[in-house]
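Next comes input.tsv, with TSV, C-alpha atoms.
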chain	number	residue	atom	x	y	z
A	510	MET	CA	86.92	-191.06	173.94
A	511	ASN	CA	90.49	-191.66	172.85
A	512	TRP	CA	92.36	-189.60	170.27
A	513	ASP	CA	93.88	-192.73	168.76
A	514	HIS	CA	90.68	-194.76	168.34
A	515	GLU	CA	87.34	-194.31	166.68
A	516	PRO	CA	84.68	-193.12	169.13
A	517	PRO	CA	81.53	-195.20	169.64
A	518	ALA	CA	78.52	-194.22	167.55
A	519	THR	CA	76.44	-193.40	170.62
A	520	PRO	CA	78.32	-192.34	173.78
A	521	PRO	CA	76.97	-193.75	177.07
A	522	GLN	CA	74.81	-191.46	179.16
A	523	PRO	CA	76.31	-190.55	182.55
A	524	PRO	CA	74.34	-191.11	185.76
A	525	GLN	CA	72.93	-188.25	187.79
A	526	SER	CA	75.19	-185.99	189.83
A	527	GLU	CA	75.71	-186.41	193.54
A	528	GLN	CA	75.20	-183.72	196.16
A	529	PRO	CA	78.45	-182.06	197.35
A	530	PRO	CA	79.82	-183.05	200.76
A	531	THR	CA	80.94	-180.53	203.36
A	532	VAL	CA	84.63	-179.90	203.96
A	533	PRO	CA	86.42	-179.23	207.29
A	534	VAL	CA	87.94	-175.76	207.29
A	535	ASP	CA	88.87	-174.24	210.60
A	536	SER	CA	91.23	-176.30	212.76
A	537	TRP	CA	94.80	-177.49	212.48
A	538	ASP	CA	94.42	-180.76	214.34
A	539	ALA	CA	90.68	-181.34	214.78
A	540	ALA	CA	87.61	-181.59	212.52
A	541	PRO	CA	85.97	-178.13	212.56
A	542	THR	CA	82.50	-176.90	211.73
A	543	PRO	CA	81.69	-177.52	208.03
A	544	PRO	CA	80.50	-174.71	205.76
A	545	PRO	CA	76.85	-174.56	204.70
A	546	GLU	CA	75.68	-176.59	201.72
A	547	ARG	CA	75.68	-174.77	198.41
A	548	HIS	CA	72.76	-175.23	196.04
A	549	VAL	CA	73.66	-177.26	192.97
A	550	PRO	CA	72.05	-175.82	189.81
A	551	GLN	CA	69.44	-178.02	188.16
A	552	HIS	CA	71.31	-178.15	184.91
A	553	ALA	CA	74.27	-179.78	186.67
A	554	ALA	CA	72.27	-183.00	186.99
A	555	ALA	CA	72.98	-183.83	183.35
A	556	ARG	CA	76.74	-183.68	183.94
A	557	PRO	CA	79.00	-186.64	184.79
A	558	PRO	CA	78.90	-187.68	188.46
A	559	ARG	CA	81.11	-185.73	190.84
A	560	ARG	CA	81.63	-184.83	194.45
A	561	VAL	CA	82.63	-181.25	195.12
A	562	GLY	CA	84.74	-179.66	197.82
A	563	ARG	CA	85.12	-176.02	198.74
A	564	VAL	CA	88.20	-173.84	198.72
A	565	LEU	CA	88.55	-172.60	202.25
A	566	VAL	CA	87.97	-168.85	202.32
A	567	ALA	CA	86.00	-168.32	199.14
A	568	LEU	CA	83.93	-171.52	199.53
A	569	VAL	CA	84.32	-172.24	195.83
A	570	VAL	CA	83.45	-175.66	194.43
A	571	VAL	CA	86.47	-177.85	193.71
A	572	ILE	CA	86.23	-180.99	191.60
A	573	GLY	CA	88.75	-183.52	190.44
A	574	LEU	CA	89.65	-183.81	186.79
A	575	PHE	CA	89.34	-187.54	186.10
A	576	GLY	CA	87.91	-187.82	182.61
A	577	LEU	CA	85.52	-190.16	180.77
A	578	GLY	CA	84.11	-193.39	182.28
A	579	PHE	CA	83.90	-192.14	185.84
A	580	GLY	CA	83.11	-188.65	184.60
A	581	VAL	CA	84.58	-186.20	187.07
A	582	ARG	CA	85.97	-187.72	190.25
A	583	THR	CA	86.61	-185.80	193.45
A	584	VAL	CA	89.96	-184.94	194.97
A	585	LEU	CA	88.34	-185.84	198.31
A	586	ASP	CA	89.21	-189.56	198.11
A	587	PRO	CA	88.64	-191.17	201.53
A	588	SER	CA	91.04	-194.06	200.94
A	589	GLU	CA	94.76	-193.82	201.65
A	590	SER	CA	97.42	-196.45	201.08
A	591	THR	CA	101.13	-196.93	200.73
A	592	THR	CA	102.41	-199.99	198.86
A	593	ILE	CA	105.38	-201.74	197.31
A	594	VAL	CA	109.02	-200.63	197.64
A	595	ARG	CA	110.89	-200.28	194.33
A	596	GLU	CA	114.34	-199.08	193.31
A	597	ARG	CA	114.26	-196.11	190.95
A	598	ALA	CA	116.87	-194.54	188.74
A	599	ALA	CA	117.94	-190.92	188.76
A	600	ALA	CA	116.01	-188.49	186.59
A	601	THR	CA	117.06	-188.15	182.97
A	602	PRO	CA	116.13	-184.74	181.55
A	603	ALA	CA	114.34	-184.57	178.23
A	604	SER	CA	116.84	-184.17	175.39
A	605	THR	CA	114.60	-183.74	172.35
A	606	PRO	CA	116.04	-181.01	170.07
A	607	VAL	CA	113.88	-177.90	170.22
A	608	THR	CA	114.01	-175.34	167.41
A	609	VAL	CA	111.27	-173.02	168.68
A	610	ASP	CA	112.40	-169.56	169.83
A	611	PRO	CA	111.43	-169.30	173.54
A	612	GLY	CA	111.49	-165.51	173.32
A	613	THR	CA	108.83	-165.17	170.63
A	614	GLU	CA	106.90	-168.43	171.20
A	615	PRO	CA	107.23	-169.39	174.89
A	616	VAL	CA	104.12	-171.61	174.96
A	617	ALA	CA	105.24	-173.54	171.88
A	618	TYR	CA	108.72	-173.84	173.39
A	619	ALA	CA	107.39	-175.17	176.70
A	620	ALA	CA	105.17	-177.66	174.86
A	621	ALA	CA	108.07	-178.89	172.73
A	622	VAL	CA	110.36	-179.31	175.73
A	623	LEU	CA	107.83	-181.00	178.02
A	624	GLY	CA	105.33	-182.72	175.74
A	625	GLN	CA	107.05	-186.11	175.54
A	626	SER	CA	107.26	-186.30	179.35
A	627	VAL	CA	103.48	-186.06	179.81
A	628	VAL	CA	101.59	-189.35	179.49
A	629	GLN	CA	98.00	-190.57	179.52
A	630	ILE	CA	96.93	-192.95	182.30
A	631	GLU	CA	94.01	-195.29	181.70
A	632	THR	CA	92.16	-197.39	184.28
A	633	GLY	CA	89.18	-199.69	183.91
A	634	GLY	CA	86.76	-196.81	184.36
A	635	GLY	CA	88.38	-193.68	182.94
A	636	LEU	CA	91.57	-191.82	182.24
A	637	GLY	CA	93.78	-189.00	183.42
A	638	SER	CA	97.31	-187.74	182.88
A	639	GLY	CA	100.74	-188.15	184.44
A	640	VAL	CA	104.25	-186.70	184.36
A	641	VAL	CA	107.47	-188.73	184.07
A	642	TYR	CA	109.73	-187.32	186.79
A	643	ALA	CA	112.45	-190.00	186.89
A	644	ASP	CA	113.35	-192.96	184.68
A	645	GLY	CA	110.30	-195.21	184.65
A	646	MET	CA	108.59	-193.21	187.41
A	647	ILE	CA	105.39	-191.18	186.94
A	648	ILE	CA	103.63	-188.71	189.22
A	649	THR	CA	99.88	-188.48	188.90
A	650	ASN	CA	96.86	-187.88	191.16
A	651	ALA	CA	95.57	-190.41	193.67
A	652	HIS	CA	92.05	-189.85	192.35
A	653	VAL	CA	93.23	-190.77	188.84
A	654	VAL	CA	94.41	-194.28	189.78
A	655	GLY	CA	91.76	-194.76	192.47
A	656	THR	CA	92.07	-198.28	193.91
A	657	ALA	CA	93.73	-199.77	190.80
A	658	LYS	CA	96.94	-201.73	191.28
A	659	THR	CA	97.85	-201.61	187.58
A	660	VAL	CA	97.07	-199.05	184.88
A	661	THR	CA	97.77	-198.53	181.18
A	662	VAL	CA	100.24	-195.75	180.41
A	663	ARG	CA	100.29	-194.25	176.91
A	664	ASP	CA	103.12	-191.98	175.76
A	665	SER	CA	103.01	-189.01	173.39
A	666	LYS	CA	103.48	-191.26	170.33
A	667	GLY	CA	100.62	-193.57	171.32
A	668	THR	CA	102.69	-196.49	172.64
A	669	ALA	CA	100.96	-198.17	175.58
A	670	VAL	CA	102.53	-200.21	178.40
A	671	LYS	CA	101.32	-201.54	181.73
A	672	GLY	CA	102.20	-199.57	184.84
A	673	GLN	CA	102.23	-200.64	188.48
A	674	VAL	CA	100.81	-198.30	191.12
A	675	LEU	CA	103.48	-198.14	193.84
A	676	GLY	CA	101.49	-196.02	196.25
A	677	THR	CA	98.87	-193.35	196.71
A	678	ASP	CA	98.36	-190.52	199.18
A	679	SER	CA	94.74	-189.42	199.00
A	680	GLY	CA	95.28	-186.53	201.42
A	681	ALA	CA	97.63	-184.68	199.06
A	682	ASP	CA	96.09	-186.39	195.98
A	683	VAL	CA	99.43	-187.78	194.79
A	684	ALA	CA	100.18	-191.22	193.35
A	685	VAL	CA	103.24	-192.90	191.83
A	686	VAL	CA	103.22	-195.33	188.89
A	687	GLN	CA	106.22	-197.36	187.73
A	688	VAL	CA	106.66	-198.48	184.12
A	689	SER	CA	109.29	-200.13	181.95
A	690	GLY	CA	109.75	-199.94	178.21
A	691	LEU	CA	108.18	-196.50	177.85
A	692	ARG	CA	110.21	-194.09	175.72
A	693	ALA	CA	109.30	-190.97	177.63
A	694	PRO	CA	112.07	-188.74	179.01
A	695	ALA	CA	111.95	-187.36	182.53
A	696	ALA	CA	110.65	-183.81	182.81
A	697	ARG	CA	112.65	-180.98	184.27
A	698	LEU	CA	111.21	-179.85	187.59
A	699	ALA	CA	111.15	-176.18	188.53
A	700	SER	CA	113.22	-175.17	191.55
A	701	ASP	CA	111.96	-171.59	191.73
A	702	LYS	CA	108.60	-170.90	193.34
A	703	PRO	CA	105.94	-169.68	190.89
A	704	LYS	CA	105.05	-166.01	190.87
A	705	VAL	CA	101.63	-164.47	190.39
A	706	GLY	CA	101.20	-163.28	186.80
A	707	GLN	CA	103.86	-165.48	185.20
A	708	LEU	CA	103.08	-167.64	182.18
A	709	ALA	CA	101.55	-171.05	182.91
A	710	VAL	CA	101.28	-173.90	180.36
A	711	ALA	CA	99.07	-176.95	181.02
A	712	ILE	CA	99.62	-180.25	179.18
A	713	GLY	CA	97.42	-183.33	179.54
A	714	SER	CA	94.57	-185.40	178.11
A	715	PRO	CA	91.30	-183.51	178.64
A	716	TYR	CA	88.39	-185.73	177.55
A	717	GLY	CA	90.99	-188.20	176.24
A	718	LEU	CA	92.47	-185.72	173.76
A	719	THR	CA	96.14	-186.56	174.29
A	720	GLN	CA	98.89	-183.93	174.26
A	721	THR	CA	96.49	-181.00	174.59
A	722	VAL	CA	98.29	-177.75	175.40
A	723	THR	CA	96.62	-174.70	176.96
A	724	SER	CA	98.10	-171.58	178.48
A	725	GLY	CA	97.34	-168.78	180.88
A	726	ILE	CA	98.98	-167.29	183.94
A	727	VAL	CA	99.59	-168.14	187.57
A	728	SER	CA	96.55	-166.49	189.15
A	729	ALA	CA	97.53	-167.03	192.80
A	730	VAL	CA	99.94	-169.03	194.95
A	731	ASN	CA	99.44	-170.77	198.31
A	732	ARG	CA	95.70	-171.00	197.65
A	733	PRO	CA	94.43	-173.30	200.44
A	734	VAL	CA	92.41	-176.22	199.05
A	735	PRO	CA	91.02	-178.88	201.43
A	736	ASN	CA	91.22	-182.60	200.81
A	737	ASN	CA	89.81	-184.71	203.64
A	738	SER	CA	91.63	-183.40	206.73
A	739	VAL	CA	94.60	-182.16	204.68
A	740	VAL	CA	94.95	-178.65	203.27
A	741	ILE	CA	97.39	-178.07	200.41
A	742	GLY	CA	98.67	-174.64	199.40
A	743	MET	CA	97.94	-174.86	195.66
A	744	ILE	CA	99.00	-172.94	192.58
A	745	GLN	CA	95.93	-171.32	191.04
A	746	THR	CA	95.84	-170.81	187.26
A	747	ASP	CA	93.47	-169.70	184.52
A	748	ALA	CA	95.06	-172.04	181.97
A	749	SER	CA	92.18	-174.14	180.64
A	750	ILE	CA	92.10	-177.57	182.30
A	751	ASN	CA	89.23	-180.05	182.17
A	752	PRO	CA	88.35	-183.67	183.09
A	753	GLY	CA	91.28	-185.81	181.96
A	754	ASN	CA	93.89	-183.10	182.68
A	755	SER	CA	94.19	-184.39	186.23
A	756	GLY	CA	97.74	-185.53	187.01
A	757	GLY	CA	99.18	-183.59	184.06
A	758	ALA	CA	101.76	-180.83	184.08
A	759	LEU	CA	101.52	-177.12	184.81
A	760	ALA	CA	104.76	-175.68	183.43
A	761	ASN	CA	106.60	-172.38	183.19
A	762	ARG	CA	107.84	-170.73	180.00
A	763	THR	CA	111.00	-172.85	179.90
A	764	GLY	CA	109.10	-176.15	180.09
A	765	GLU	CA	109.90	-176.87	183.74
A	766	VAL	CA	107.07	-178.46	185.74
A	767	MET	CA	105.74	-176.06	188.40
A	768	GLY	CA	102.86	-178.24	189.54
A	769	ILE	CA	100.63	-181.26	189.00
A	770	ASN	CA	97.11	-180.30	187.89
A	771	SER	CA	94.59	-181.64	190.37
A	772	SER	CA	91.26	-179.80	190.56
A	773	ILE	CA	89.17	-176.91	189.25
A	774	TYR	CA	86.53	-174.51	190.44
A	775	SER	CA	83.29	-175.51	188.74
A	776	GLN	CA	79.59	-175.97	189.30
A	777	THR	CA	79.14	-177.64	185.91
A	778	GLY	CA	82.13	-179.99	185.67
A	779	GLU	CA	83.71	-177.83	182.98
A	780	ASN	CA	86.52	-175.27	183.04
A	781	THR	CA	85.62	-171.82	184.35
A	782	GLY	CA	89.11	-170.37	184.33
A	783	ILE	CA	90.10	-171.35	187.88
A	784	GLY	CA	92.25	-174.45	188.26
A	785	PHE	CA	94.55	-175.73	190.97
A	786	ALA	CA	97.89	-177.55	190.78
A	787	ILE	CA	99.91	-179.20	193.56
A	788	PRO	CA	103.30	-177.42	193.77
A	789	ILE	CA	105.92	-179.71	192.29
A	790	ALA	CA	108.17	-179.58	195.39
A	791	THR	CA	105.27	-180.90	197.49
A	792	ALA	CA	104.26	-183.51	194.90
A	793	LYS	CA	107.81	-184.83	194.43
A	794	ARG	CA	108.52	-185.02	198.15
A	795	ILE	CA	105.40	-187.14	198.65
A	796	ALA	CA	106.07	-189.19	195.50
A	797	ASP	CA	109.58	-190.04	196.73
A	798	GLN	CA	108.17	-191.32	200.04
A	799	LEU	CA	105.55	-193.41	198.25
A	800	ALA	CA	108.11	-194.88	195.83
A	801	GLU	CA	110.23	-195.95	198.79
A	802	GLY	CA	107.27	-197.62	200.50
A	803	LYS	CA	107.13	-195.10	203.33
A	804	THR	CA	104.12	-193.62	205.07
A	805	VAL	CA	103.74	-189.98	204.03
A	806	ALA	CA	104.81	-187.66	206.85
A	807	ARG	CA	103.07	-184.29	207.17
A	808	ALA	CA	104.55	-181.28	208.90
A	809	GLY	CA	102.67	-179.61	211.75
A	810	LEU	CA	103.06	-176.74	214.19
A	811	GLY	CA	101.04	-178.32	216.99
A	812	LEU	CA	98.40	-175.64	217.35
A	813	SER	CA	94.80	-174.93	216.38
A	814	GLY	CA	92.66	-171.93	215.61
A	815	PRO	CA	89.62	-170.56	213.79
A	816	SER	CA	89.51	-169.55	210.13
A	817	ALA	CA	89.48	-165.83	211.03
A	818	THR	CA	91.03	-163.79	213.82
A	819	PRO	CA	88.63	-162.54	216.52
A	820	ASN	CA	89.38	-158.87	215.78
A	821	GLY	CA	89.37	-159.20	211.99
A	822	ASP	CA	93.13	-158.63	211.56
A	823	ALA	CA	95.00	-160.57	208.90
A	824	GLY	CA	96.87	-163.61	210.14
A	825	ALA	CA	96.40	-167.02	211.77
A	826	TYR	CA	94.99	-166.72	215.28
A	827	VAL	CA	96.42	-169.26	217.72
A	828	GLN	CA	93.56	-170.52	219.86
A	829	SER	CA	95.41	-173.37	221.57
A	830	VAL	CA	98.92	-174.82	221.60
A	831	THR	CA	99.70	-178.52	222.02
A	832	SER	CA	101.87	-179.05	225.08
A	833	GLY	CA	105.33	-180.21	224.04
A	834	GLY	CA	104.60	-179.61	220.35
A	835	ALA	CA	106.63	-177.60	217.84
A	836	ALA	CA	104.91	-174.27	218.53
A	837	ASP	CA	105.07	-174.77	222.29
A	838	LYS	CA	108.81	-175.50	222.19
A	839	ALA	CA	109.38	-172.36	220.10
A	840	GLY	CA	107.48	-170.15	222.56
A	841	ILE	CA	104.31	-169.50	220.55
A	842	ARG	CA	101.37	-168.86	222.87
A	843	SER	CA	97.61	-168.94	222.77
A	844	GLY	CA	96.38	-165.54	221.60
A	845	ASP	CA	99.33	-164.96	219.24
A	846	ILE	CA	98.65	-164.14	215.60
A	847	ILE	CA	101.01	-165.72	213.06
A	848	VAL	CA	101.50	-163.24	210.21
A	849	ALA	CA	104.31	-164.83	208.14
A	850	VAL	CA	106.29	-168.05	207.65
A	851	ASP	CA	109.77	-167.77	206.10
A	852	GLY	CA	108.84	-164.27	204.95
A	853	VAL	CA	105.63	-165.38	203.19
A	854	PRO	CA	102.63	-163.40	204.50
A	855	VAL	CA	99.84	-165.42	206.13
A	856	ALA	CA	96.35	-163.89	205.87
A	857	SER	CA	94.34	-166.64	207.62
A	858	PHE	CA	94.63	-169.90	209.51
A	859	ASP	CA	93.68	-171.74	206.34
A	860	GLU	CA	96.61	-170.17	204.52
A	861	LEU	CA	98.91	-171.22	207.37
A	862	ARG	CA	97.77	-174.84	206.96
A	863	GLY	CA	98.30	-174.72	203.19
A	864	LEU	CA	101.71	-173.07	203.51
A	865	THR	CA	102.94	-175.61	206.07
A	866	SER	CA	101.94	-178.47	203.74
A	867	GLY	CA	104.94	-177.57	201.60
A	868	TYR	CA	107.37	-178.54	204.37
A	869	ALA	CA	108.46	-181.82	205.96
A	870	PRO	CA	108.69	-182.73	209.65
A	871	GLY	CA	112.04	-181.58	211.01
A	872	ASP	CA	112.28	-178.55	208.71
A	873	ARG	CA	113.15	-175.27	210.46
A	874	VAL	CA	111.06	-172.24	209.60
A	875	GLN	CA	111.05	-168.61	210.68
A	876	VAL	CA	107.65	-167.68	212.07
A	877	GLU	CA	106.65	-164.03	212.56
A	878	VAL	CA	104.15	-163.52	215.38
A	879	ASN	CA	102.05	-160.54	216.37
A	880	ARG	CA	101.77	-160.62	220.17
A	881	GLU	CA	99.63	-157.79	221.50
A	882	GLY	CA	100.96	-155.41	218.88
A	883	ARG	CA	104.62	-156.50	219.08
A	884	LEU	CA	106.18	-158.42	216.16
A	885	LEU	CA	108.36	-161.34	217.24
A	886	ASP	CA	110.52	-163.64	215.10
A	887	MET	CA	110.72	-167.26	216.22
A	888	GLU	CA	112.50	-170.27	214.77
A	889	VAL	CA	110.30	-173.36	214.79
A	890	THR	CA	111.34	-176.94	214.09
A	891	LEU	CA	108.22	-178.49	212.56
A	892	GLY	CA	106.76	-181.62	214.07
A	893	SER	CA	104.46	-184.24	212.56
A	894	LEU	CA	100.71	-184.00	212.16
A	895	ARG	CA	98.75	-186.76	213.86
Hey, can you dump this file as structure tokens for me?
Amino acid sequence: MNWDHEPPATPPQPPQSEQPPTVPVDSWDAAPTPPPERHVPQHAAARPPRRVGRVLVALVVVIGLFGLGFGVRTVLDPSESTTIVRERAAATPASTPVTVDPGTEPVAYAAAVLGQSVVQIETGGGLGSGVVYADGMIITNAHVVGTAKTVTVRDSKGTAVKGQVLGTDSGADVAVVQVSGLRAPAARLASDKPKVGQLAVAIGSPYGLTQTVTSGIVSAVNRPVPNNSVVIGMIQTDASINPGNSGGALANRTGEVMGINSSIYSQTGENTGIGFAIPIATAKRIADQLAEGKTVARAGLGLSGPSATPNGDAGAYVQSVTSGGAADKAGIRSGDIIVAVDGVPVASFDELRGLTSGYAPGDRVQVEVNREGRLLDMEVTLGSLR
């Protein structure tokens, strides 16, 4: 369905749903034991096809938000590619005059500021959303573009142009599309990290309904969500997002983009009030590498461990350390429990993986370690995941 065109008299019937795959959850460098299969309710068989993942600790069902045609596509895309190098211009902030009072109507203000920077992305089999983050450059999800080399990009006024997919990273579920001739200003990107409880505004094309705005709050931060062998520390929100919102914006009250909407918790394919967005700093860092034709580099500590500590304490238990790796060089040992990174508490090994995804190889971080009851501060220069 498209907001700008008449719908067909009789919509096509979607095929039956697929069974959910298992998701690795408990090791930094190796494929761990998958969680048990969860029963899929009978009524879900009438929904569009989807594959579902599981959020690490809670084992919730996570599905991608790719609307229409394909129905709901998974964020667990097995393909990964990096393509063409292109020059790109510096970002041009949106300059549309806004007359809404941000104090009394913050959602309306955010929508007015950001709306023109959010676009609809159409492929041969469905549609999703995207965010203009630099002149002619759009961030979206890898599962939105799939294997397409070109897509149709439609702006807030309904103008459509062809876009070229410069690259995709299925692990982080990020893709970059380049367009010309689209009159869509670049969005402002948030520099501050989101806080639990703050206002969250989602803008995208759920079910093809362009420029749909919903609001809620940031429900959690650094929520570890698995995607193939990669774990991303996501922003969790209760702002209503549905199939077609994928790749769209999650913004703060001033219209700055905090994250790129990517997946939801659902057993039906519809919104249940738990959605996940890739933090914008992570998404932009990966998008910049893709736009430059580079292979995406992921930061790693060079250690492994189980999902929970042996004694039940909070933290990431270090089961083994890679010789010569980042943790080894910093003095982290087997048996240590990592309890914080750069002052951010770490409750589990899964949270450590998600938190580290926000950094790049070569970044220096302060790691707090519990070693037999003693708290130690160590500076670690992050290496690369293999």
Any idea what's packed within 10 Å of Val878 (chain A), counting all atoms listed in the file, ignoring anything in its chain fewer than 3 positions away? Could you give it as a list in words? Gly824, Ala825, Tyr826, Val827, Ile841, Arg842, Asp845, Ile846, Ile847, Val848, Ala849, Val850, Gln875, Glu881, Gly882, Arg883, Leu884, Leu885, Asp886 and Met887 of chain A
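CA of Ile726 (chain A) lies 15.7 Å from CA of Asp701 (chain A).
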Wanna dump the region 611-723 of chain A-region 790-800 of chain A contacts at 7 Å for me, each residue with its shortest atom pair and the distance in Å to one decimal, counting only C-alpha atoms, ordered by chain and number, as a Markdown table?
| residue | atom | partner | partner_atom | distance |
| --- | --- | --- | --- | --- |
| A:Ile648 | CA | A:Ala796 | CA | 6.8 |
| A:Leu675 | CA | A:Ala800 | CA | 6.0 |
| A:Gly676 | CA | A:Leu799 | CA | 5.2 |
| A:Thr677 | CA | A:Leu799 | CA | 6.9 |
| A:Val683 | CA | A:Ala792 | CA | 6.4 |
| A:Ala684 | CA | A:Ala796 | CA | 6.6 |
| A:Val685 | CA | A:Ala796 | CA | 5.9 |
Point out the residue among A:Asp610, A:Asp664, A:Asp682, A:Glu765 with the least atom-to-atom distance to Pro703 (chain A), counting all atoms listed in the file. A:Glu765
Contacts of Val705 (chain A) within 12 Å, only C-alpha atoms, excl. fewer than 3 positions in-chain, as a PyMOL selection string: chain A and resi 702+708-709+725-732+744-747+761
Take the residues from that selection and write them out as a short mmCIF file (atom, residue, chain, number, x, y, z; two decimals), keeping the file's coordinate frame, keeping C-alpha atoms.
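As a result, result-v1.cif now contains:
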data_model
loop_
_atom_site.label_atom_id
_atom_site.label_comp_id
_atom_site.auth_asym_id
_atom_site.auth_seq_id
_atom_site.Cartn_x
_atom_site.Cartn_y
_atom_site.Cartn_z
CA LYS A 702 108.60 -170.90 193.34
CA LEU A 708 103.08 -167.64 182.18
CA ALA A 709 101.55 -171.05 182.91
CA GLY A 725 97.34 -168.78 180.88
CA ILE A 726 98.98 -167.29 183.94
CA VAL A 727 99.59 -168.14 187.57
CA SER A 728 96.55 -166.49 189.15
CA ALA A 729 97.53 -167.03 192.80
CA VAL A 730 99.94 -169.03 194.95
CA ASN A 731 99.44 -170.77 198.31
CA ARG A 732 95.70 -171.00 197.65
CA ILE A 744 99.00 -172.94 192.58
CA GLN A 745 95.93 -171.32 191.04
CA THR A 746 95.84 -170.81 187.26
CA ASP A 747 93.47 -169.70 184.52
CA ASN A 761 106.60 -172.38 183.19
#
Kindly provide, as a ChimeraX atom specification, the polymer residues lying within 8 Å of (95.3, -178.7, 197.2), counting all atoms listed in the file and using the coordinates exactly as they appear in the file. /A:681-682,732-736,740-743,771-772,785-787,863
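Of note, CA of Arg873 (chain A) and CA of Val889 (chain A) are spaced 5.5 Å apart.
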For Lys671 (chain A), list every protein, DNA or RNA residue within 7 Å, evaluated using all atoms listed in the file, and leave out those in the same chain fewer than 2 positions away; present the list as a ChimeraX atom specification. /A:659-662,673,688
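Interatomic distance, CA of Ala620 (chain A) to CA of Asn751 (chain A): 17.7 Å.
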Would you list the residues near (109.0, -177.3, 185.7), meaning any protein, DNA or RNA residue with an atom at most 7 Å from that point in file coordinates, counting all atoms listed in the file, as a PyMOL selection string? chain A and resi 697-699+760-761+764-767
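Residues in contact range of Arg692 (chain A), defined as at most 12 Å between all atoms listed in the file, with sequence neighbours fewer than 6 positions away removed, read Thr601, Ala603, Ser604, Thr605, Gln625, Ser626, Val627, Val628, Val641, Asp644, Gly645, Met646, Val662, Arg663, Asp664, Ser665, Lys666, Gly667, Thr668, Ala669 and Val670 of chain A.
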Which polymer residues have any atom within 10 Å of an atom of region 808-811 of chain A, counting all atoms listed in the file, with same-chain residues fewer than 4 positions away left out, as a PDB file with C-alpha atoms, in the coordinates of the input?
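Once written, around34.pdb looks like this:
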ATOM      1  CA  TRP A 537      94.800-177.490 212.480  1.00  0.00           C
ATOM      2  CA  ASP A 538      94.420-180.760 214.340  1.00  0.00           C
ATOM      3  CA  SER A 829      95.410-173.370 221.570  1.00  0.00           C
ATOM      4  CA  VAL A 830      98.920-174.820 221.600  1.00  0.00           C
ATOM      5  CA  THR A 831      99.700-178.520 222.020  1.00  0.00           C
ATOM      6  CA  SER A 832     101.870-179.050 225.080  1.00  0.00           C
ATOM      7  CA  GLY A 833     105.330-180.210 224.040  1.00  0.00           C
ATOM      8  CA  GLY A 834     104.600-179.610 220.350  1.00  0.00           C
ATOM      9  CA  ALA A 835     106.630-177.600 217.840  1.00  0.00           C
ATOM     10  CA  ALA A 836     104.910-174.270 218.530  1.00  0.00           C
ATOM     11  CA  ASP A 837     105.070-174.770 222.290  1.00  0.00           C
ATOM     12  CA  LYS A 838     108.810-175.500 222.190  1.00  0.00           C
ATOM     13  CA  ALA A 839     109.380-172.360 220.100  1.00  0.00           C
ATOM     14  CA  ILE A 841     104.310-169.500 220.550  1.00  0.00           C
ATOM     15  CA  LEU A 861      98.910-171.220 207.370  1.00  0.00           C
ATOM     16  CA  ARG A 862      97.770-174.840 206.960  1.00  0.00           C
ATOM     17  CA  THR A 865     102.940-175.610 206.070  1.00  0.00           C
ATOM     18  CA  SER A 866     101.940-178.470 203.740  1.00  0.00           C
ATOM     19  CA  GLY A 867     104.940-177.570 201.600  1.00  0.00           C
ATOM     20  CA  TYR A 868     107.370-178.540 204.370  1.00  0.00           C
ATOM     21  CA  ALA A 869     108.460-181.820 205.960  1.00  0.00           C
ATOM     22  CA  PRO A 870     108.690-182.730 209.650  1.00  0.00           C
ATOM     23  CA  GLY A 871     112.040-181.580 211.010  1.00  0.00           C
ATOM     24  CA  ASP A 872     112.280-178.550 208.710  1.00  0.00           C
ATOM     25  CA  VAL A 889     110.300-173.360 214.790  1.00  0.00           C
ATOM     26  CA  THR A 890     111.340-176.940 214.090  1.00  0.00           C
ATOM     27  CA  LEU A 891     108.220-178.490 212.560  1.00  0.00           C
ATOM     28  CA  GLY A 892     106.760-181.620 214.070  1.00  0.00           C
ATOM     29  CA  SER A 893     104.460-184.240 212.560  1.00  0.00           C
ATOM     30  CA  LEU A 894     100.710-184.000 212.160  1.00  0.00           C
ATOM     31  CA  ARG A 895      98.750-186.760 213.860  1.00  0.00           C
TER      32      ARG A 895
END
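The smallest atom-to-atom distance between Leu636 (chain A) and any of A:Gly624, A:Val609, A:Pro715, A:Gln687, using only C-alpha atoms, is found for A:Pro715.
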Can you sort out the box for region 620-634 of chain A, edges along x, y and z, all listed atoms in, 6 Å on every side, with centre and edge lengths in Å to one decimal, as JSON?
{"center_x": 98.6, "center_y": -188.7, "center_z": 178.5, "size_x": 35.6, "size_y": 34.0, "size_z": 23.6}
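Distances here use only C-alpha atoms; by that measure, the residue among A:Leu623, A:Ile769, A:Asp859, A:Gly784 closest to Ala693 (chain A) is A:Leu623.
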